[in-house]
file data_33.cif (mmCIF, C-alpha atoms; chains and numbers go by the auth columns)
data_entry
loop_
_atom_site.group_PDB
_atom_site.id
_atom_site.type_symbol
_atom_site.label_atom_id
_atom_site.label_comp_id
_atom_site.label_asym_id
_atom_site.label_seq_id
_atom_site.Cartn_x
_atom_site.Cartn_y
_atom_site.Cartn_z
_atom_site.B_iso_or_equiv
_atom_site.auth_seq_id
_atom_site.auth_asym_id
ATOM 1 C CA MET A 1 -11.462 -5.093 -14.344 0.00 17 A
ATOM 2 C CA GLU A 2 -12.335 -1.444 -13.991 0.00 18 A
ATOM 3 C CA GLU A 3 -10.128 1.565 -13.331 0.00 19 A
ATOM 4 C CA ALA A 4 -11.599 4.182 -11.019 0.00 20 A
ATOM 5 C CA LYS A 5 -11.621 7.394 -13.057 0.00 21 A
ATOM 6 C CA GLY A 6 -8.617 9.430 -12.069 0.00 22 A
ATOM 7 C CA LEU A 7 -8.440 8.145 -8.495 0.00 23 A
ATOM 8 C CA VAL A 8 -4.873 7.914 -7.214 0.00 24 A
ATOM 9 C CA LYS A 9 -3.689 6.046 -4.130 0.00 25 A
ATOM 10 C CA HIS A 10 -0.516 7.406 -2.506 0.00 26 A
ATOM 11 C CA VAL A 11 1.128 4.669 -0.451 0.00 27 A
ATOM 12 C CA LEU A 12 3.982 5.240 1.972 0.00 28 A
ATOM 13 C CA LEU A 13 5.736 2.365 3.718 0.00 29 A
ATOM 14 C CA ALA A 14 7.965 3.364 6.598 0.00 30 A
ATOM 15 C CA LYS A 15 10.348 2.090 9.191 0.00 31 A
ATOM 16 C CA PHE A 16 11.138 4.652 11.862 0.00 32 A
ATOM 17 C CA LYS A 17 14.687 4.978 13.117 0.00 33 A
ATOM 18 C CA ASP A 18 15.333 2.951 16.270 0.00 34 A
ATOM 19 C CA ASP A 19 16.075 6.052 18.350 0.00 35 A
ATOM 20 C CA ILE A 20 12.752 7.777 17.597 0.00 36 A
ATOM 21 C CA PRO A 21 10.632 7.553 20.768 0.00 37 A
ATOM 22 C CA GLN A 22 7.080 6.232 20.560 0.00 38 A
ATOM 23 C CA GLU A 23 5.545 9.610 21.491 0.00 39 A
ATOM 24 C CA LYS A 24 7.417 11.257 18.614 0.00 40 A
ATOM 25 C CA ILE A 25 6.062 8.575 16.240 0.00 41 A
ATOM 26 C CA VAL A 26 2.511 9.254 17.476 0.00 42 A
ATOM 27 C CA GLU A 27 3.076 12.986 16.978 0.00 43 A
ATOM 28 C CA LEU A 28 4.288 12.436 13.413 0.00 44 A
ATOM 29 C CA ILE A 29 1.343 10.172 12.556 0.00 45 A
ATOM 30 C CA THR A 30 -1.068 12.759 13.969 0.00 46 A
ATOM 31 C CA GLY A 31 0.655 15.424 11.887 0.00 47 A
ATOM 32 C CA TYR A 32 0.310 13.259 8.786 0.00 48 A
ATOM 33 C CA ALA A 33 -3.395 12.705 9.464 0.00 49 A
ATOM 34 C CA LYS A 34 -4.011 16.427 9.926 0.00 50 A
ATOM 35 C CA LEU A 35 -2.854 17.109 6.372 0.00 51 A
ATOM 36 C CA VAL A 36 -6.279 15.890 5.205 0.00 52 A
ATOM 37 C CA ASN A 37 -7.769 19.055 6.674 0.00 53 A
ATOM 38 C CA LEU A 38 -5.088 21.338 5.299 0.00 54 A
ATOM 39 C CA ILE A 39 -4.596 20.163 1.728 0.00 55 A
ATOM 40 C CA GLU A 40 -7.725 20.220 -0.408 0.00 56 A
ATOM 41 C CA PRO A 41 -6.817 17.537 -2.990 0.00 57 A
ATOM 42 C CA MET A 42 -6.039 15.016 -0.212 0.00 58 A
ATOM 43 C CA LYS A 43 -9.419 13.304 0.089 0.00 59 A
ATOM 44 C CA ALA A 44 -8.809 10.510 2.601 0.00 60 A
ATOM 45 C CA PHE A 45 -6.135 9.048 4.835 0.00 61 A
ATOM 46 C CA GLN A 46 -5.690 5.707 6.542 0.00 62 A
ATOM 47 C CA TRP A 47 -2.774 4.080 8.264 0.00 63 A
ATOM 48 C CA GLY A 48 -1.754 1.098 10.341 0.00 64 A
ATOM 49 C CA THR A 49 1.126 -0.980 11.633 0.00 65 A
ATOM 50 C CA ASP A 50 2.378 -4.275 10.275 0.00 66 A
ATOM 51 C CA VAL A 51 0.376 -7.332 11.359 0.00 67 A
ATOM 52 C CA SER A 52 1.712 -9.660 8.669 0.00 68 A
ATOM 53 C CA ALA A 53 2.833 -13.209 9.423 0.00 69 A
ATOM 54 C CA GLU A 54 4.605 -14.032 6.131 0.00 70 A
ATOM 55 C CA ASN A 55 7.842 -12.273 7.130 0.00 71 A
ATOM 56 C CA LEU A 56 8.129 -10.476 3.790 0.00 72 A
ATOM 57 C CA HIS A 57 7.662 -6.964 5.203 0.00 73 A
ATOM 58 C CA GLN A 58 11.398 -6.253 4.730 0.00 74 A
ATOM 59 C CA GLY A 59 11.584 -4.352 7.998 0.00 75 A
ATOM 60 C CA PHE A 60 8.779 -1.894 7.177 0.00 76 A
ATOM 61 C CA THR A 61 6.502 -1.343 10.159 0.00 77 A
ATOM 62 C CA HIS A 62 3.961 1.317 9.095 0.00 78 A
ATOM 63 C CA VAL A 63 1.671 1.807 6.096 0.00 79 A
ATOM 64 C CA PHE A 64 0.085 5.170 5.233 0.00 80 A
ATOM 65 C CA GLU A 65 -2.390 5.488 2.370 0.00 81 A
ATOM 66 C CA SER A 66 -3.768 8.774 1.091 0.00 82 A
ATOM 67 C CA THR A 67 -6.352 9.150 -1.663 0.00 83 A
ATOM 68 C CA PHE A 68 -6.362 11.826 -4.360 0.00 84 A
ATOM 69 C CA GLU A 69 -8.656 12.501 -7.294 0.00 85 A
ATOM 70 C CA SER A 70 -5.830 12.884 -9.831 0.00 86 A
ATOM 71 C CA VAL A 71 -2.058 12.835 -10.320 0.00 87 A
ATOM 72 C CA GLU A 72 -2.286 16.629 -10.479 0.00 88 A
ATOM 73 C CA GLY A 73 -3.830 16.503 -7.010 0.00 89 A
ATOM 74 C CA VAL A 74 -0.847 14.526 -5.736 0.00 90 A
ATOM 75 C CA ALA A 75 1.523 17.091 -7.279 0.00 91 A
ATOM 76 C CA GLU A 76 -0.394 19.909 -5.564 0.00 92 A
ATOM 77 C CA TYR A 77 -0.141 17.998 -2.257 0.00 93 A
ATOM 78 C CA VAL A 78 3.595 17.357 -2.652 0.00 94 A
ATOM 79 C CA ALA A 79 4.244 21.062 -3.295 0.00 95 A
ATOM 80 C CA HIS A 80 1.871 22.340 -0.566 0.00 96 A
ATOM 81 C CA PRO A 81 3.652 24.215 2.266 0.00 97 A
ATOM 82 C CA ALA A 82 1.889 22.092 4.926 0.00 98 A
ATOM 83 C CA HIS A 83 3.189 18.929 3.255 0.00 99 A
ATOM 84 C CA VAL A 84 6.686 20.344 2.830 0.00 100 A
ATOM 85 C CA GLU A 85 6.763 21.287 6.516 0.00 101 A
ATOM 86 C CA PHE A 86 5.504 17.832 7.515 0.00 102 A
ATOM 87 C CA SER A 87 7.975 16.034 5.217 0.00 103 A
ATOM 88 C CA ASN A 88 10.852 17.946 6.746 0.00 104 A
ATOM 89 C CA LEU A 89 9.866 16.468 10.134 0.00 105 A
ATOM 90 C CA MET A 90 8.872 12.984 8.912 0.00 106 A
ATOM 91 C CA LEU A 91 11.582 11.946 6.461 0.00 107 A
ATOM 92 C CA PRO A 92 14.543 12.495 8.831 0.00 108 A
ATOM 93 C CA ALA A 93 12.783 10.211 11.372 0.00 109 A
ATOM 94 C CA LEU A 94 12.683 7.311 8.904 0.00 110 A
ATOM 95 C CA ASP A 95 15.202 4.548 8.500 0.00 111 A
ATOM 96 C CA LYS A 96 13.464 3.152 5.399 0.00 112 A
ATOM 97 C CA VAL A 97 10.782 4.603 3.156 0.00 113 A
ATOM 98 C CA VAL A 98 9.002 3.722 -0.072 0.00 114 A
ATOM 99 C CA ILE A 99 6.468 6.066 -1.628 0.00 115 A
ATOM 100 C CA ILE A 100 4.485 4.820 -4.600 0.00 116 A
ATOM 101 C CA ASP A 101 1.346 6.167 -6.266 0.00 117 A
ATOM 102 C CA TYR A 102 -1.046 4.094 -8.362 0.00 118 A
ATOM 103 C CA LYS A 103 -4.384 4.399 -10.100 0.00 119 A
ATOM 104 C CA PRO A 104 -6.263 1.425 -8.683 0.00 120 A
ATOM 105 C CA THR A 105 -7.970 -1.011 -10.982 0.00 121 A
ATOM 106 C CA PHE A 106 -10.721 -2.660 -8.967 0.00 122 A
ATOM 107 C CA VAL A 107 -11.387 -6.238 -9.924 0.00 123 A
ATOM 108 C CA LYS A 108 -14.972 -7.193 -10.684 0.00 124 A
ATOM 109 C CA PHE A 109 -15.833 -10.459 -12.445 0.00 125 A
ATOM 110 C CA MET B 1 -9.464 8.385 14.319 0.00 29 B
ATOM 111 C CA GLU B 2 -11.393 5.145 13.952 0.00 30 B
ATOM 112 C CA GLU B 3 -10.186 1.590 13.278 0.00 31 B
ATOM 113 C CA ALA B 4 -12.370 -0.445 10.944 0.00 32 B
ATOM 114 C CA LYS B 5 -13.389 -3.496 12.983 0.00 33 B
ATOM 115 C CA GLY B 6 -11.136 -6.374 12.014 0.00 34 B
ATOM 116 C CA LEU B 7 -10.559 -5.192 8.443 0.00 35 B
ATOM 117 C CA VAL B 8 -7.072 -6.062 7.187 0.00 36 B
ATOM 118 C CA LYS B 9 -5.363 -4.648 4.105 0.00 37 B
ATOM 119 C CA HIS B 10 -2.737 -6.903 2.513 0.00 38 B
ATOM 120 C CA VAL B 11 -0.335 -4.792 0.453 0.00 39 B
ATOM 121 C CA LEU B 12 2.223 -6.208 -1.950 0.00 40 B
ATOM 122 C CA LEU B 13 4.763 -3.996 -3.689 0.00 41 B
ATOM 123 C CA ALA B 14 6.600 -5.617 -6.564 0.00 42 B
ATOM 124 C CA LYS B 15 9.270 -5.131 -9.148 0.00 43 B
ATOM 125 C CA PHE B 16 9.254 -7.817 -11.811 0.00 44 B
ATOM 126 C CA LYS B 17 12.560 -9.193 -13.071 0.00 45 B
ATOM 127 C CA ASP B 18 13.788 -7.449 -16.212 0.00 46 B
ATOM 128 C CA ASP B 19 13.564 -10.644 -18.311 0.00 47 B
ATOM 129 C CA ILE B 20 9.866 -11.279 -17.551 0.00 48 B
ATOM 130 C CA PRO B 21 7.926 -10.424 -20.734 0.00 49 B
ATOM 131 C CA GLN B 22 4.937 -8.085 -20.547 0.00 50 B
ATOM 132 C CA GLU B 23 2.466 -10.841 -21.481 0.00 51 B
ATOM 133 C CA LYS B 24 3.737 -12.973 -18.599 0.00 52 B
ATOM 134 C CA ILE B 25 3.246 -10.006 -16.227 0.00 53 B
ATOM 135 C CA VAL B 26 -0.332 -9.576 -17.465 0.00 54 B
ATOM 136 C CA GLU B 27 -0.923 -13.312 -16.985 0.00 55 B
ATOM 137 C CA LEU B 28 0.377 -13.152 -13.405 0.00 56 B
ATOM 138 C CA ILE B 29 -1.745 -10.103 -12.544 0.00 57 B
ATOM 139 C CA THR B 30 -4.820 -11.834 -13.986 0.00 58 B
ATOM 140 C CA GLY B 31 -3.995 -14.902 -11.919 0.00 59 B
ATOM 141 C CA TYR B 32 -3.683 -12.740 -8.806 0.00 60 B
ATOM 142 C CA ALA B 33 -7.037 -11.080 -9.490 0.00 61 B
ATOM 143 C CA LYS B 34 -8.749 -14.450 -9.954 0.00 62 B
ATOM 144 C CA LEU B 35 -7.863 -15.449 -6.394 0.00 63 B
ATOM 145 C CA VAL B 36 -10.763 -13.240 -5.252 0.00 64 B
ATOM 146 C CA ASN B 37 -13.132 -15.824 -6.727 0.00 65 B
ATOM 147 C CA LEU B 38 -11.279 -18.801 -5.344 0.00 66 B
ATOM 148 C CA ILE B 39 -10.469 -17.830 -1.760 0.00 67 B
ATOM 149 C CA GLU B 40 -13.466 -16.934 0.366 0.00 68 B
ATOM 150 C CA PRO B 41 -11.812 -14.642 2.960 0.00 69 B
ATOM 151 C CA MET B 42 -10.283 -12.480 0.180 0.00 70 B
ATOM 152 C CA LYS B 43 -13.005 -9.835 -0.135 0.00 71 B
ATOM 153 C CA ALA B 44 -11.569 -7.372 -2.656 0.00 72 B
ATOM 154 C CA PHE B 45 -8.561 -6.778 -4.870 0.00 73 B
ATOM 155 C CA GLN B 46 -7.122 -3.726 -6.571 0.00 74 B
ATOM 156 C CA TRP B 47 -3.833 -3.061 -8.283 0.00 75 B
ATOM 157 C CA GLY B 48 -1.962 -0.517 -10.359 0.00 76 B
ATOM 158 C CA THR B 49 1.415 0.595 -11.623 0.00 77 B
ATOM 159 C CA ASP B 50 3.602 3.354 -10.254 0.00 78 B
ATOM 160 C CA VAL B 51 2.616 6.863 -11.350 0.00 79 B
ATOM 161 C CA SER B 52 4.591 8.681 -8.653 0.00 80 B
ATOM 162 C CA ALA B 53 6.740 11.714 -9.392 0.00 81 B
ATOM 163 C CA GLU B 54 8.655 11.967 -6.102 0.00 82 B
ATOM 164 C CA ASN B 55 11.229 9.319 -7.094 0.00 83 B
ATOM 165 C CA LEU B 56 10.929 7.531 -3.748 0.00 84 B
ATOM 166 C CA HIS B 57 9.424 4.310 -5.154 0.00 85 B
ATOM 167 C CA GLN B 58 12.771 2.499 -4.666 0.00 86 B
ATOM 168 C CA GLY B 59 12.383 0.630 -7.950 0.00 87 B
ATOM 169 C CA PHE B 60 8.971 -0.853 -7.138 0.00 88 B
ATOM 170 C CA THR B 61 6.633 -0.699 -10.132 0.00 89 B
ATOM 171 C CA HIS B 62 3.413 -2.459 -9.070 0.00 90 B
ATOM 172 C CA VAL B 63 1.063 -2.239 -6.086 0.00 91 B
ATOM 173 C CA PHE B 64 -1.467 -4.952 -5.235 0.00 92 B
ATOM 174 C CA GLU B 65 -3.932 -4.518 -2.394 0.00 93 B
ATOM 175 C CA SER B 66 -6.246 -7.230 -1.106 0.00 94 B
ATOM 176 C CA THR B 67 -8.840 -6.808 1.629 0.00 95 B
ATOM 177 C CA PHE B 68 -9.659 -9.338 4.337 0.00 96 B
ATOM 178 C CA GLU B 69 -12.067 -9.292 7.252 0.00 97 B
ATOM 179 C CA SER B 70 -9.502 -10.497 9.793 0.00 98 B
ATOM 180 C CA VAL B 71 -5.905 -11.593 10.303 0.00 99 B
ATOM 181 C CA GLU B 72 -7.273 -15.145 10.472 0.00 100 B
ATOM 182 C CA GLY B 73 -8.683 -14.564 6.982 0.00 101 B
ATOM 183 C CA VAL B 74 -5.232 -13.584 5.723 0.00 102 B
ATOM 184 C CA ALA B 75 -3.764 -16.750 7.288 0.00 103 B
ATOM 185 C CA GLU B 76 -6.438 -18.859 5.557 0.00 104 B
ATOM 186 C CA TYR B 77 -5.599 -17.119 2.255 0.00 105 B
ATOM 187 C CA VAL B 78 -1.845 -17.638 2.668 0.00 106 B
ATOM 188 C CA ALA B 79 -2.345 -21.369 3.304 0.00 107 B
ATOM 189 C CA HIS B 80 -4.988 -21.868 0.566 0.00 108 B
ATOM 190 C CA PRO B 81 -3.833 -24.198 -2.262 0.00 109 B
ATOM 191 C CA ALA B 82 -4.865 -21.645 -4.941 0.00 110 B
ATOM 192 C CA HIS B 83 -2.675 -19.013 -3.257 0.00 111 B
ATOM 193 C CA VAL B 84 0.234 -21.419 -2.807 0.00 112 B
ATOM 194 C CA GLU B 85 0.044 -22.357 -6.503 0.00 113 B
ATOM 195 C CA PHE B 86 -0.111 -18.687 -7.510 0.00 114 B
ATOM 196 C CA SER B 87 2.765 -17.692 -5.191 0.00 115 B
ATOM 197 C CA ASN B 88 4.946 -20.383 -6.718 0.00 116 B
ATOM 198 C CA LEU B 89 4.477 -18.681 -10.107 0.00 117 B
ATOM 199 C CA MET B 90 4.556 -15.071 -8.878 0.00 118 B
ATOM 200 C CA LEU B 91 7.450 -14.904 -6.404 0.00 119 B
ATOM 201 C CA PRO B 92 10.125 -16.312 -8.780 0.00 120 B
ATOM 202 C CA ALA B 93 9.147 -13.608 -11.324 0.00 121 B
ATOM 203 C CA LEU B 94 9.913 -10.810 -8.853 0.00 122 B
ATOM 204 C CA ASP B 95 13.158 -8.947 -8.433 0.00 123 B
ATOM 205 C CA LYS B 96 11.901 -7.087 -5.329 0.00 124 B
ATOM 206 C CA VAL B 97 8.897 -7.657 -3.107 0.00 125 B
ATOM 207 C CA VAL B 98 7.448 -6.270 0.113 0.00 126 B
ATOM 208 C CA ILE B 99 4.317 -7.746 1.657 0.00 127 B
ATOM 209 C CA ILE B 100 2.792 -5.952 4.616 0.00 128 B
ATOM 210 C CA ASP B 101 -0.611 -6.283 6.283 0.00 129 B
ATOM 211 C CA TYR B 102 -2.264 -3.592 8.365 0.00 130 B
ATOM 212 C CA LYS B 103 -5.552 -2.847 10.079 0.00 131 B
ATOM 213 C CA PRO B 104 -6.435 0.541 8.638 0.00 132 B
ATOM 214 C CA THR B 105 -7.330 3.373 10.944 0.00 133 B
ATOM 215 C CA PHE B 106 -9.447 5.784 8.929 0.00 134 B
ATOM 216 C CA VAL B 107 -9.007 9.376 9.902 0.00 135 B
ATOM 217 C CA LYS B 108 -12.120 11.391 10.640 0.00 136 B
ATOM 218 C CA PHE B 109 -11.943 14.740 12.399 0.00 137 B
#

call {"tool": "encode", "arguments": {"input": "data_33.cif", "output": "structure tokens"}}
result
Amino acid sequence: MEEAKGLVKHVLLAKFKDDIPQEKIVELITGYAKLVNLIEPMKAFQWGTDVSAENLHQGFTHVFESTFESVEGVAEYVAHPAHVEFSNLMLPALDKVVIIDYKPTFVKF
Amino acid sequence: MEEAKGLVKHVLLAKFKDDIPQEKIVELITGYAKLVNLIEPMKAFQWGTDVSAENLHQGFTHVFESTFESVEGVAEYVAHPAHVEFSNLMLPALDKVVIIDYKPTFVKF
């Protein structure tokens, strides 16, 4: 196994509140995606909705994954005014949220 | 934004039970990683432990991410005897688990 030097994945699982309309959800996701252009240490962003069949998603419906080059980069992102502004829109729209960062070890045999 | 054709990410967040010894956790993670060699549709595997500072990880301590080429590939993996055997060891060791699959949309502006 091999750990990518410094690389940090920032994973957010979300369930939006039932009363948040679909167009508001789209707007929030677009706002999240735009952070890549505004916050230098945020290197990549991908997202998607649950397509699992195992029924272990615990009600979460959306996955967002951002990539950073270091834990310091994540800290810079978290404190960045564009992120703070976005969070203040996003978090109140969520019924459930988990945010976890990890340094991925890629498996090679 | 652009959706990778068919690609499916299979994300598992875990918190091991407090009485599971560290060497057992290592053994389980190694067993998880070995599935890449045993189950054809499982194309890649990466994992890591929580390094987040935002305190929104809701007690989850480990992230595991597997990559598949399709939702059918995930179904084949879930039903594969090697996965069933592994799950029967892994799931009872977990205090909390979320498993969610998504087709990543990669953001490019």

call {"tool": "atom_distance", "arguments": {"input": "data_33.cif", "atom1": "atom CA of B:Gly101", "atom2": "atom CA of B:Val64"}}
result
12.5 Å

call {"tool": "resolve_selection", "arguments": {"input": "data_33.cif", "expression": "the PyMOL selection byres ((chain A) within 8 of (chain B))", "output": "MDAnalysis selection string"}}
result
chainID A and resid 49 60:74 76 78:79 87 91 113:123

call {"tool": "atom_distance", "arguments": {"input": "data_33.cif", "atom1": "atom CA of A:Leu51", "atom2": "atom CA of B:Lys71"}}
result
29.5 Å

call {"tool": "atom_distance", "arguments": {"input": "data_33.cif", "atom1": "atom CA of B:Ala110", "atom2": "atom CA of B:Ile53"}}
result
18.1 Å

call {"tool": "residues_around", "arguments": {"input": "data_33.cif", "residues": "B:Glu55", "least_positions_apart": "6", "cutoff": "12 Å", "atoms": "all atoms listed in the file", "output": "MDAnalysis selection string"}}
result
chainID B and resid 48:49 61:62 114 117:118 121

call {"tool": "residues_around", "arguments": {"input": "data_33.cif", "residues": "B:Glu100", "least_positions_apart": "4", "cutoff": "10 Å", "atoms": "only C-alpha atoms", "output": "list of chain:residue names"}}
result
B:Gly34, B:Val36, B:Pro69, B:Phe96, B:Glu104, B:Tyr105, B:Val106

call {"tool": "axis_aligned_box", "arguments": {"input": "data_33.cif", "around": "stretch 30-44 of chain A", "padding_each_side": "6 Å", "output": "AutoDock Vina command-line options"}}
result
--center_x 9.3 --center_y 7.5 --center_z 14.0 --size_x 25.6 --size_y 22.9 --size_z 26.9

call {"tool": "build_atoms", "arguments": {"input": "data_33.cif", "residues": "stretch 31-47 of chain A", "atoms": "N, CA, C and O atoms", "output": "mmCIF file, in the frame of the given file"}}
result
data_model
loop_
_atom_site.group_PDB
_atom_site.id
_atom_site.type_symbol
_atom_site.label_atom_id
_atom_site.label_comp_id
_atom_site.auth_asym_id
_atom_site.auth_seq_id
_atom_site.Cartn_x
_atom_site.Cartn_y
_atom_site.Cartn_z
ATOM 1 N N LYS A 31 9.756 2.638 7.959
ATOM 2 C CA LYS A 31 10.348 2.090 9.191
ATOM 3 C C LYS A 31 11.001 3.271 9.890
ATOM 4 O O LYS A 31 11.869 3.944 9.315
ATOM 5 N N PHE A 32 10.547 3.553 11.101
ATOM 6 C CA PHE A 32 11.138 4.652 11.862
ATOM 7 C C PHE A 32 12.520 4.245 12.388
ATOM 8 O O PHE A 32 12.784 3.056 12.631
ATOM 9 N N LYS A 33 13.366 5.240 12.535
ATOM 10 C CA LYS A 33 14.687 4.978 13.117
ATOM 11 C C LYS A 33 14.522 4.456 14.539
ATOM 12 O O LYS A 33 13.588 4.846 15.256
ATOM 13 N N ASP A 34 15.437 3.601 14.960
ATOM 14 C CA ASP A 34 15.333 2.951 16.270
ATOM 15 C C ASP A 34 15.339 3.942 17.432
ATOM 16 O O ASP A 34 14.783 3.663 18.498
ATOM 17 N N ASP A 35 15.968 5.102 17.227
ATOM 18 C CA ASP A 35 16.075 6.052 18.350
ATOM 19 C C ASP A 35 14.924 7.066 18.398
ATOM 20 O O ASP A 35 14.959 8.003 19.195
ATOM 21 N N ILE A 36 13.909 6.870 17.549
ATOM 22 C CA ILE A 36 12.752 7.777 17.597
ATOM 23 C C ILE A 36 11.783 7.252 18.655
ATOM 24 O O ILE A 36 11.268 6.135 18.528
ATOM 25 N N PRO A 37 11.520 8.045 19.699
ATOM 26 C CA PRO A 37 10.632 7.553 20.768
ATOM 27 C C PRO A 37 9.182 7.417 20.288
ATOM 28 O O PRO A 37 8.757 8.100 19.353
ATOM 29 N N GLN A 38 8.458 6.539 20.952
ATOM 30 C CA GLN A 38 7.080 6.232 20.560
ATOM 31 C C GLN A 38 6.209 7.493 20.519
ATOM 32 O O GLN A 38 5.390 7.654 19.607
ATOM 33 N N GLU A 39 6.396 8.402 21.464
ATOM 34 C CA GLU A 39 5.545 9.610 21.491
ATOM 35 C C GLU A 39 5.835 10.514 20.290
ATOM 36 O O GLU A 39 4.941 11.194 19.790
ATOM 37 N N LYS A 40 7.068 10.490 19.810
ATOM 38 C CA LYS A 40 7.417 11.257 18.614
ATOM 39 C C LYS A 40 6.751 10.625 17.383
ATOM 40 O O LYS A 40 6.258 11.334 16.493
ATOM 41 N N ILE A 41 6.717 9.283 17.350
ATOM 42 C CA ILE A 41 6.062 8.575 16.240
ATOM 43 C C ILE A 41 4.574 8.928 16.215
ATOM 44 O O ILE A 41 4.011 9.241 15.154
ATOM 45 N N VAL A 42 3.938 8.907 17.380
ATOM 46 C CA VAL A 42 2.511 9.254 17.476
ATOM 47 C C VAL A 42 2.282 10.688 16.988
ATOM 48 O O VAL A 42 1.332 10.968 16.245
ATOM 49 N N GLU A 43 3.165 11.577 17.386
ATOM 50 C CA GLU A 43 3.076 12.986 16.978
ATOM 51 C C GLU A 43 3.185 13.124 15.450
ATOM 52 O O GLU A 43 2.428 13.881 14.831
ATOM 53 N N LEU A 44 4.113 12.378 14.865
ATOM 54 C CA LEU A 44 4.288 12.436 13.413
ATOM 55 C C LEU A 44 3.062 11.877 12.695
ATOM 56 O O LEU A 44 2.591 12.450 11.707
ATOM 57 N N ILE A 45 2.521 10.771 13.193
ATOM 58 C CA ILE A 45 1.343 10.172 12.556
ATOM 59 C C ILE A 45 0.154 11.129 12.653
ATOM 60 O O ILE A 45 -0.605 11.310 11.694
ATOM 61 N N THR A 46 0.012 11.771 13.795
ATOM 62 C CA THR A 46 -1.068 12.759 13.969
ATOM 63 C C THR A 46 -0.883 13.919 12.998
ATOM 64 O O THR A 46 -1.846 14.392 12.385
ATOM 65 N N GLY A 47 0.361 14.348 12.838
ATOM 66 C CA GLY A 47 0.655 15.424 11.887
ATOM 67 C C GLY A 47 0.335 15.034 10.458
ATOM 68 O O GLY A 47 -0.186 15.836 9.676
#
